[in-house]
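Trainee: To be precise about what I am sending: the file is called entry_38.txt and holds compact mmCIF, C-alpha atoms.
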# COMPACT_ATOMS: atom_id res chain seq x y z
CA MET J 1 82.07 79.00 88.34
CA SER J 2 82.99 82.63 87.78
CA SER J 3 81.99 84.97 90.56
CA GLN J 4 81.68 87.90 88.14
CA PRO J 5 78.51 88.43 86.08
CA SER J 6 79.38 88.66 82.43
CA LEU J 7 77.87 89.10 78.97
CA ASP J 8 78.78 88.11 75.42
CA MET J 9 77.00 87.58 72.11
CA SER J 10 77.09 84.00 70.87
CA PRO J 11 78.00 83.96 67.15
CA ALA J 12 75.86 80.88 66.54
CA THR J 13 72.60 81.82 68.25
CA GLY J 14 72.91 85.57 68.70
CA ILE J 15 72.03 85.08 72.40
CA LEU J 16 73.94 86.81 75.18
CA THR J 17 76.15 84.32 77.04
CA THR J 18 78.87 84.74 79.67
CA VAL J 19 82.33 86.19 79.28
CA ASP J 20 84.72 87.37 81.96
CA LEU J 21 84.37 91.13 82.54
CA ASN J 22 87.84 91.24 84.06
CA LYS J 23 89.29 91.06 80.55
CA GLY J 24 88.36 94.70 80.11
CA GLU J 25 85.94 94.24 77.21
CA PHE J 26 83.27 96.23 79.02
CA GLU J 27 83.61 99.59 80.76
CA ILE J 28 80.99 101.53 82.66
CA ILE J 29 81.42 105.18 81.66
CA SER J 30 79.81 108.03 83.57
CA LYS J 31 77.80 110.67 81.79
CA ARG J 32 80.40 113.32 82.59
CA LYS J 33 83.16 111.24 81.00
CA ILE J 34 81.04 110.67 77.89
CA ILE J 35 80.41 114.42 77.54
CA PHE J 36 84.10 115.14 78.10
CA ARG J 37 85.17 112.63 75.46
CA ARG J 38 82.66 113.95 72.94
CA PHE J 39 83.89 117.48 73.56
CA MET J 40 87.54 116.49 73.20
CA ARG J 41 86.81 114.82 69.85
CA ASN J 42 85.62 118.19 68.53
CA ARG J 43 88.91 119.71 67.35
CA THR J 44 87.56 123.21 66.72
CA ALA J 45 86.05 123.36 70.21
CA VAL J 46 89.30 122.16 71.80
CA ALA J 47 91.24 124.72 69.77
CA GLY J 48 88.83 127.42 70.97
CA LEU J 49 89.31 126.33 74.58
CA ALA J 50 93.11 126.41 74.20
CA ILE J 51 93.09 129.90 72.65
CA PHE J 52 90.72 131.20 75.32
CA LEU J 53 92.89 129.83 78.14
CA LEU J 54 96.02 131.35 76.58
CA VAL J 55 94.37 134.78 76.37
CA VAL J 56 93.15 134.48 79.98
CA ALA J 57 96.67 133.49 81.07
CA PHE J 58 98.01 136.54 79.25
CA GLY J 59 95.61 138.80 81.16
CA PHE J 60 96.46 137.39 84.58
CA LEU J 61 100.15 136.48 84.16
CA GLY J 62 101.37 138.66 81.29
CA GLY J 63 102.43 141.49 83.58
CA LEU J 64 105.04 139.28 85.25
CA VAL J 65 107.32 139.31 82.19
CA SER J 66 107.27 143.04 81.43
CA PRO J 67 109.14 145.79 83.31
CA TRP J 68 106.59 148.44 82.30
CA ASP J 69 103.31 149.41 83.91
CA THR J 70 100.28 151.23 82.53
CA THR J 71 101.38 154.74 83.57
CA SER J 72 105.17 154.74 83.09
CA ILE J 73 106.28 157.10 80.30
CA ASP J 74 109.28 156.33 78.11
CA PRO J 75 110.36 159.64 76.49
CA LEU J 76 112.66 157.82 74.04
CA TYR J 77 109.77 155.80 72.59
CA ILE J 78 106.73 157.96 71.91
CA SER J 79 104.20 156.82 69.31
CA THR J 80 106.46 153.97 68.20
CA GLY J 81 105.35 150.60 66.88
CA PRO J 82 106.11 147.16 68.33
CA SER J 83 109.78 146.67 69.13
CA ALA J 84 112.13 144.69 71.37
CA VAL J 85 111.72 147.33 74.10
CA HIS J 86 107.96 147.79 73.85
CA TRP J 87 106.49 144.57 72.47
CA PHE J 88 103.12 146.06 71.48
CA GLY J 89 104.41 149.58 70.84
CA THR J 90 103.67 152.78 72.74
CA THR J 91 100.88 155.33 72.84
CA SER J 92 101.07 159.00 71.82
CA ALA J 93 101.97 159.78 75.45
CA GLY J 94 104.83 157.25 75.55
CA THR J 95 103.12 154.66 77.77
CA ASP J 96 103.54 150.95 77.12
CA LEU J 97 100.65 149.34 75.21
CA TYR J 98 101.59 145.82 76.35
CA ALA J 99 101.04 146.71 80.01
CA GLN J 100 97.72 148.35 79.16
CA MET J 101 96.69 145.30 77.13
CA VAL J 102 97.38 143.01 80.08
CA GLU J 103 95.09 145.06 82.32
CA ALA J 104 92.51 145.47 79.55
CA VAL J 105 92.26 141.72 78.90
CA ARG J 106 92.12 140.99 82.63
CA THR J 107 89.33 143.54 83.15
CA SER J 108 87.23 142.28 80.23
CA VAL J 109 87.69 138.64 81.26
CA LEU J 110 86.75 139.41 84.87
CA ILE J 111 83.61 141.21 83.74
CA GLY J 112 82.70 138.29 81.47
CA LEU J 113 83.34 135.58 84.08
CA ILE J 114 81.53 137.36 86.92
CA VAL J 115 78.51 138.32 84.82
CA GLY J 116 78.35 134.91 83.13
CA ALA J 117 78.57 132.90 86.37
CA VAL J 118 76.39 135.00 88.67
CA SER J 119 73.66 135.65 86.10
CA VAL J 120 73.35 131.92 85.30
CA VAL J 121 73.06 130.95 88.97
CA PHE J 122 70.48 133.66 89.66
CA ALA J 123 68.51 132.83 86.51
CA ALA J 124 68.50 129.12 87.42
CA VAL J 125 67.12 129.71 90.92
CA TYR J 126 64.62 132.34 89.75
CA GLY J 127 63.33 130.25 86.85
CA CYS J 128 63.07 127.06 88.90
CA VAL J 129 61.22 128.84 91.72
CA MET J 130 58.72 130.19 89.18
CA ALA J 131 58.13 126.70 87.77
CA TYR J 132 58.00 124.97 91.17
CA PHE J 133 55.44 127.19 92.90
CA GLY J 134 53.37 128.15 89.84
CA GLY J 135 50.03 129.90 90.30
CA LYS J 136 50.09 133.42 91.67
CA VAL J 137 53.77 133.23 92.56
CA ASP J 138 54.61 132.39 88.96
CA LYS J 139 52.41 135.18 87.62
CA VAL J 140 53.92 137.83 89.91
CA MET J 141 57.49 136.75 89.22
CA LEU J 142 56.81 136.52 85.49
CA PHE J 143 55.29 140.01 85.50
CA PHE J 144 58.41 141.38 87.20
CA LEU J 145 60.58 139.51 84.69
CA GLU J 146 58.71 140.89 81.68
CA THR J 147 58.86 144.41 83.14
CA MET J 148 62.63 144.16 83.59
CA ILE J 149 63.05 142.87 80.03
CA MET J 150 61.23 145.92 78.65
CA ALA J 151 63.44 148.33 80.63
CA PRO J 152 66.03 150.14 78.41
CA SER J 153 69.29 148.74 79.75
CA ILE J 154 71.52 151.15 77.83
CA LEU J 155 69.72 154.12 79.42
CA VAL J 156 70.21 152.71 82.91
CA VAL J 157 73.91 152.11 82.22
CA ALA J 158 74.31 155.68 80.95
CA ILE J 159 72.60 157.16 84.02
CA VAL J 160 74.58 155.10 86.53
CA VAL J 161 77.98 155.41 84.83
CA ASN J 162 77.78 158.96 83.45
CA GLY J 163 74.79 160.61 85.11
CA SER J 164 75.03 163.15 87.90
CA GLY J 165 72.95 160.94 90.19
CA GLY J 166 75.59 158.21 90.21
CA GLU J 167 78.55 160.48 91.00
CA GLN J 168 78.78 159.35 94.63
CA ILE J 169 78.66 155.70 93.56
CA ARG J 170 81.41 156.18 90.98
CA GLN J 171 83.70 157.71 93.60
CA ASN J 172 83.50 154.62 95.83
CA VAL J 173 83.20 151.81 93.28
CA PRO J 174 85.75 151.07 90.50
CA GLY J 175 84.39 151.71 87.02
CA TRP J 176 84.72 148.11 85.82
CA LEU J 177 82.95 146.78 88.94
CA LEU J 178 80.14 149.32 88.55
CA LEU J 179 79.62 148.23 84.94
CA THR J 180 79.66 144.59 86.06
CA ILE J 181 76.90 145.24 88.60
CA VAL J 182 74.75 147.03 86.03
CA LEU J 183 75.24 144.23 83.49
CA LEU J 184 74.26 141.67 86.14
CA ILE J 185 70.93 143.43 86.63
CA PHE J 186 69.92 142.90 82.99
CA ASN J 187 71.87 139.84 81.82
CA TRP J 188 69.89 137.02 83.51
CA MET J 189 66.30 137.62 82.37
CA TYR J 190 66.16 135.81 79.02
CA THR J 191 67.96 132.83 80.56
CA ALA J 192 65.43 132.72 83.41
CA ARG J 193 62.55 132.43 80.95
CA VAL J 194 64.17 129.48 79.17
CA ILE J 195 64.98 127.77 82.48
CA ARG J 196 61.38 128.25 83.66
CA SER J 197 60.11 126.40 80.59
CA MET J 198 62.52 123.51 81.12
CA ALA J 199 61.87 123.29 84.86
CA MET J 200 58.11 123.07 84.33
CA SER J 201 58.64 119.80 82.48
CA LEU J 202 60.53 118.41 85.51
CA ILE J 203 57.90 119.24 88.13
CA SER J 204 55.81 116.19 87.26
CA ARG J 205 58.75 113.78 87.61
CA ASP J 206 58.48 111.10 90.30
CA TYR J 207 61.57 112.18 92.25
CA VAL J 208 60.18 115.72 92.63
CA LYS J 209 56.80 114.37 93.79
CA ALA J 210 58.51 112.03 96.25
CA ALA J 211 60.56 114.89 97.69
CA ARG J 212 57.38 116.93 98.15
CA TYR J 213 55.59 114.08 99.94
CA MET J 214 58.59 113.58 102.22
CA GLY J 215 58.36 117.20 103.35
CA VAL J 216 61.61 118.42 101.79
CA PRO J 217 61.72 122.27 101.86
CA PRO J 218 60.86 123.88 98.49
CA MET J 219 64.19 125.68 98.07
CA LYS J 220 66.09 122.46 98.75
CA ILE J 221 64.04 120.69 96.05
CA VAL J 222 64.80 123.53 93.65
CA TRP J 223 68.52 123.49 94.40
CA ARG J 224 69.06 119.71 94.62
CA HIS J 225 66.57 118.30 92.10
CA LEU J 226 65.63 120.93 89.53
CA VAL J 227 68.82 122.93 89.02
CA PRO J 228 71.16 119.90 88.52
CA ASN J 229 68.82 118.41 85.90
CA ILE J 230 69.19 121.45 83.66
CA GLY J 231 72.96 121.46 84.02
CA SER J 232 73.61 121.19 80.27
CA LEU J 233 71.63 124.36 79.62
CA LEU J 234 73.43 126.16 82.45
CA VAL J 235 76.86 125.30 81.03
CA LEU J 236 75.86 126.56 77.60
CA GLU J 237 74.36 129.74 79.06
CA PHE J 238 77.52 130.29 81.11
CA THR J 239 79.77 130.34 78.04
CA ARG J 240 77.23 132.40 76.13
CA GLY J 241 76.97 134.81 79.06
CA ILE J 242 80.73 135.37 79.14
CA SER J 243 80.74 136.26 75.45
CA ALA J 244 77.67 138.50 75.78
CA ALA J 245 79.18 140.36 78.77
CA ILE J 246 82.46 141.00 76.93
CA LEU J 247 80.53 142.24 73.90
CA ALA J 248 78.44 144.51 76.14
CA GLU J 249 81.54 145.89 77.87
CA VAL J 250 83.23 146.72 74.57
CA SER J 251 80.03 148.23 73.12
CA TYR J 252 79.17 150.38 76.13
CA THR J 253 82.76 151.53 76.65
CA PHE J 254 83.17 152.33 72.96
CA ILE J 255 80.26 154.78 73.10
CA GLY J 256 81.58 156.33 76.31
CA ILE J 257 79.39 154.82 79.05
CA GLY J 258 81.57 151.95 80.23
CA VAL J 259 85.03 151.54 81.75
CA LYS J 260 86.93 154.82 82.06
CA TYR J 261 90.49 155.90 82.83
CA PRO J 262 92.44 155.06 85.03
CA ASN J 263 90.99 151.59 84.37
CA PHE J 264 91.69 149.90 81.06
CA SER J 265 89.54 147.44 79.14
CA LEU J 266 89.40 146.20 75.57
CA GLY J 267 86.55 148.60 74.90
CA SER J 268 88.43 151.61 76.26
CA LEU J 269 91.58 150.85 74.24
CA ILE J 270 89.59 150.32 71.04
CA SER J 271 87.63 153.51 71.68
CA GLN J 272 90.76 155.60 72.34
CA ALA J 273 92.53 154.28 69.24
CA SER J 274 89.58 154.56 66.83
CA SER J 275 90.54 158.16 65.99
CA GLN J 276 94.21 157.21 65.52
CA ILE J 277 93.78 154.17 63.30
CA ASN J 278 95.74 155.79 60.46
CA THR J 279 98.58 157.30 62.50
CA LEU J 280 98.92 154.64 65.23
CA PRO J 281 97.38 151.49 63.69
CA TRP J 282 98.84 149.10 66.31
CA MET J 283 96.87 150.94 69.00
CA PHE J 284 93.64 149.84 67.30
CA TRP J 285 94.38 146.48 65.72
CA ILE J 286 96.09 144.79 68.69
CA PRO J 287 93.15 145.34 71.11
CA LEU J 288 90.74 144.36 68.34
CA LEU J 289 92.71 141.16 67.73
CA PHE J 290 92.52 140.20 71.41
CA PHE J 291 88.81 140.97 71.40
CA PHE J 292 88.27 138.45 68.59
CA LEU J 293 90.57 135.96 70.35
CA LEU J 294 88.19 136.08 73.32
CA VAL J 295 84.79 136.11 71.64
CA GLY J 296 85.58 133.77 68.73
CA PRO J 297 86.91 130.84 70.82
CA LEU J 298 83.98 131.20 73.23
CA SER J 299 81.62 130.71 70.30
CA LEU J 300 83.54 127.60 69.20
CA MET J 301 83.45 126.26 72.76
CA ASN J 302 79.71 126.85 73.01
CA ASP J 303 79.08 124.96 69.76
CA GLY J 304 81.28 122.10 70.95
CA LEU J 305 79.53 121.88 74.31
CA ARG J 306 76.12 121.91 72.66
CA ASP J 307 77.10 118.99 70.44
CA ALA J 308 78.70 117.14 73.38
CA PHE J 309 75.53 117.39 75.45
CA ASP J 310 73.36 116.31 72.49
CA PRO J 311 73.48 112.47 72.24
CA THR J 312 72.07 112.54 68.69
CA SER J 313 74.74 114.87 67.30
CA LEU J 314 77.24 113.37 64.87
CA SER J 315 79.36 116.51 64.47
CA VAL J 316 81.84 115.35 67.11
CA GLY J 317 82.80 112.28 65.13
CA LYS J 318 82.61 108.59 65.92
CA VAL J 319 84.42 106.38 68.39
CA LYS J 320 87.32 104.57 66.80
CA LYS J 321 87.23 100.79 67.17
CA LYS J 322 90.24 99.15 68.68
CA LYS J 323 92.18 96.90 66.36
CA LYS J 324 92.57 93.36 67.60
Using structure tokens, write down the structure from this file.
Mentor:
Amino acid sequence: MSSQPSLDMSPATGILTTVDLNKGEFEIISKRKIIFRRFMRNRTAVAGLAIFLLVVAFGFLGGLVSPWDTTSIDPLYISTGPSAVHWFGTTSAGTDLYAQMVEAVRTSVLIGLIVGAVSVVFAAVYGCVMAYFGGKVDKVMLFFLETMIMAPSILVVAIVVNGSGGEQIRQNVPGWLLLTIVLLIFNWMYTARVIRSMAMSLISRDYVKAARYMGVPPMKIVWRHLVPNIGSLLVLEFTRGISAAILAEVSYTFIGIGVKYPNFSLGSLISQASSQINTLPWMFWIPLLFFFLLVGPLSLMNDGLRDAFDPTSLSVGKVKKKKK
């Protein structure tokens, strides 16, 4: 007798009979591996991930291969296009655009990653707490959430970054970090509302009721039972949050209330070059190209992740059968 339980479909009766599992005909696959395989079968999503990682690597490692920095002036190459000496060309002051692009990409990516990650975590905890306690706690927290949503975020950013009241803050905090903090204040609210709705459907589950009866602290139930069960939404909101934060940075900086010199970001380079698009076109089109190489792949990744988490989606293709 075989010591291993086994299954097979009898061709004559159509009834499951025994077959040795050690032959490798059956494999228990975890949910994470299934999601990973479905994502990897989506070629556009994988291409988006590869492009995004290459751009991120450029922002964090690109400065290692260039002898120039953001402030060095080369008097022999002023307002010149891309060349063997200055790969992305130079500005009207003779500074190297490649070095500025490295810092600009790094700054925009840092803003996107920090805002995307922190806002998702905060929104998850806030939304789950609202759903778990309900009643008056939910009403008070929801009232605060709706009030924050109605607040004009662009006005707050302008006051903090450019206003006279925020002068002391700007002297002690780097411009990109100050913009990141302001974006964090407003970037989590819509996500929290969606998470609240999903978490309310989980409150009546048996494992949540059992944890309550066993006396598990509320915050531990929220963190261990509610938050992990909305993980697919959190992953999607994380990628969406990165893209939204980069878009916000470029938009705010372009209109003059974002990252300022001596810091560089994609928004600041695009803003500075917008008036020189005819005379120094590389100053405008190269930062714009990198902007699209960040936001576009993130959108492809988000679509691929959404399809990978959806078991009914057929857009990721079908599993190929092994030939005998």
Trainee: Considering only C-alpha atoms, give me a table of residues in range 197-280 of chain J that are at most 10 Å from range 143-164 of chain J, with the closest atom pair and distance in Å for each, as JSON lines.
Mentor:
{"residue": "J:Ala248", "atom": "CA", "partner": "J:Ile154", "partner_atom": "CA", "distance": 9.7}
{"residue": "J:Tyr252", "atom": "CA", "partner": "J:Ile154", "partner_atom": "CA", "distance": 7.9}
{"residue": "J:Ile255", "atom": "CA", "partner": "J:Ala158", "partner_atom": "CA", "distance": 9.9}
{"residue": "J:Gly256", "atom": "CA", "partner": "J:Asn162", "partner_atom": "CA", "distance": 8.5}
{"residue": "J:Ile257", "atom": "CA", "partner": "J:Ala158", "partner_atom": "CA", "distance": 5.5}
{"residue": "J:Gly258", "atom": "CA", "partner": "J:Val161", "partner_atom": "CA", "distance": 6.8}
{"residue": "J:Val259", "atom": "CA", "partner": "J:Val161", "partner_atom": "CA", "distance": 8.6}
{"residue": "J:Lys260", "atom": "CA", "partner": "J:Val161", "partner_atom": "CA", "distance": 9.4}
Trainee: Select all residues near (70.6, 130.8, 86.7) (cut-off 12 Å, inclusive, file coordinates), counting all atoms listed in the file, and output them as a PyMOL selection string.
Mentor: chain J and resi 115-129+184+187-196+199+222-223+226-228+230-238+241
Trainee: Sort by chain and increasing residue number a table of all residues of range 40-86 of chain J within 9 Å of range 98-107 of chain J, each with its closest pair of atoms and their distance in Å to one decimal, counting all atoms listed in the file, and write it as a Markdown table.
Mentor:
| residue | atom | partner | partner_atom | distance |
| --- | --- | --- | --- | --- |
| J:Val55 | CA | J:Val105 | CA | 7.7 |
| J:Val56 | CA | J:Arg106 | CA | 7.1 |
| J:Ala57 | CA | J:Arg106 | CA | 8.9 |
| J:Phe58 | CA | J:Val102 | CA | 6.6 |
| J:Gly59 | CA | J:Arg106 | CA | 4.4 |
| J:Phe60 | CA | J:Arg106 | CA | 6.0 |
| J:Leu61 | CA | J:Val102 | CA | 8.2 |
| J:Gly62 | CA | J:Val102 | CA | 6.0 |
| J:Gly63 | CA | J:Val102 | CA | 6.3 |
| J:Ser66 | CA | J:Ala99 | CA | 7.4 |
| J:Pro67 | CA | J:Ala99 | CA | 8.8 |
| J:Trp68 | CA | J:Ala99 | CA | 6.2 |
| J:Asp69 | CA | J:Ala99 | CA | 5.3 |
| J:Thr70 | CA | J:Gln100 | CA | 5.1 |
| J:Thr71 | CA | J:Gln100 | CA | 8.6 |
| J:His86 | CA | J:Tyr98 | CA | 7.1 |
Trainee: For C-alpha atoms, I'd like the residues from the last selection saved as a JSON list (two decimals), keeping the file's coordinate frame.
Mentor:
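Writing done, so here's again-v7.json:
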[["chain", "number", "residue", "atom", "x", "y", "z"],
["J", 55, "VAL", "CA", 94.37, 134.78, 76.37],
["J", 56, "VAL", "CA", 93.15, 134.48, 79.98],
["J", 57, "ALA", "CA", 96.67, 133.49, 81.07],
["J", 58, "PHE", "CA", 98.01, 136.54, 79.25],
["J", 59, "GLY", "CA", 95.61, 138.80, 81.16],
["J", 60, "PHE", "CA", 96.46, 137.39, 84.58],
["J", 61, "LEU", "CA", 100.15, 136.48, 84.16],
["J", 62, "GLY", "CA", 101.37, 138.66, 81.29],
["J", 63, "GLY", "CA", 102.43, 141.49, 83.58],
["J", 66, "SER", "CA", 107.27, 143.04, 81.43],
["J", 67, "PRO", "CA", 109.14, 145.79, 83.31],
["J", 68, "TRP", "CA", 106.59, 148.44, 82.30],
["J", 69, "ASP", "CA", 103.31, 149.41, 83.91],
["J", 70, "THR", "CA", 100.28, 151.23, 82.53],
["J", 71, "THR", "CA", 101.38, 154.74, 83.57],
["J", 86, "HIS", "CA", 107.96, 147.79, 73.85]]
Trainee: Which residue out of J:Met130, J:Glu249, J:His225, J:Asp138 has the minimum interatomic distance to Trp176 in chain J when only C-alpha atoms are used?
Mentor: J:Glu249
Trainee: State, in Å with one decimal place, the distance from CA of Pro287 in chain J to CA of Ile270 in chain J.
Mentor: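 Atom-to-atom, CA of Pro287 in chain J and CA of Ile270 in chain J are spaced 6.1 Å apart.
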Trainee: Which of these, J:Ala45, J:Met40, J:Leu289, J:Ala93, has the shortest distance to Tyr77 in chain J once you count only C-alpha atoms?
Mentor: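 Distance minimum relative to Tyr77 in chain J lands on J:Ala93.
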Trainee: Quick one: pull the distance between CA of Ser79 in chain J and CA of Ser251 in chain J, Å, one decimal.
Mentor: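 So the answer is 25.9 Å.
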Trainee: Neighbouring residues of Gly267 in chain J were defined as those with any atom within 6 Å, considering all atoms listed in the file; residues of the same chain fewer than 3 positions away were excluded. Please report them as a list in words.
Mentor: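 My list of contacting residues is Val250, Thr253, Phe254, Ile270 and Ser271 of chain J.
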Trainee: Output C-alpha atoms for every residue in that selection, as a compact mmCIF listing (two decimals), in the frame of the given file.
Mentor:
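After the write, out-v3.txt holds the following:
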# COMPACT_ATOMS: atom_id res chain seq x y z
CA VAL J 250 83.23 146.72 74.57
CA THR J 253 82.76 151.53 76.65
CA PHE J 254 83.17 152.33 72.96
CA ILE J 270 89.59 150.32 71.04
CA SER J 271 87.63 153.51 71.68
Trainee: Separation of CA of Val216 in chain J and CA of Lys31 in chain J, in Å?
Mentor: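 One can read the CA of Val216 in chain J to CA of Lys31 in chain J distance as 26.9 Å.
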Trainee: Check the smallest atom-to-atom distance from each of J:Leu202, J:Leu110, J:Leu294, J:Leu54 to Leu247 in chain J using only C-alpha atoms, then report the winner.
Mentor: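 Closest residue, counting only C-alpha atoms: J:Leu294.
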Trainee: Taking all atoms listed in the file into account, which of J:Val109, J:Leu305, J:Ala273, J:Ile78 comes nearest Phe52 in chain J?
Mentor: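 Result for the nearest residue to Phe52 in chain J: J:Val109.
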Trainee: What's around Val46 in chain J at 10 Å? Count all atoms listed in the file, leave out sequence neighbours fewer than 5 positions away in its own chain, and write the answer as a PyMOL selection string.
Mentor: chain J and resi 39-41+51-52+297+300-301+304
Trainee: Please determine, counting all atoms listed in the file, which residue among J:Ser275, J:Thr91, J:Val85, J:Tyr132 has the shortest atom-to-atom distance to Pro217 in chain J.
Mentor: J:Tyr132
Trainee: Show which residues sit within 7 Å of Ile111 in chain J, as number ranges by chain. Count all atoms listed in the file, and ignore same-chain residues fewer than 3 positions away.
Mentor: J: 107-108, 114-115, 180, 245-246
Trainee: For a quick check of understanding, using all atoms listed in the file, which of J:Leu293, J:Ala211, J:Met283, J:Met200 has the smallest distance to Thr90 in chain J?
Mentor: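 Closest to Thr90 in chain J, using all atoms listed in the file: J:Met283.
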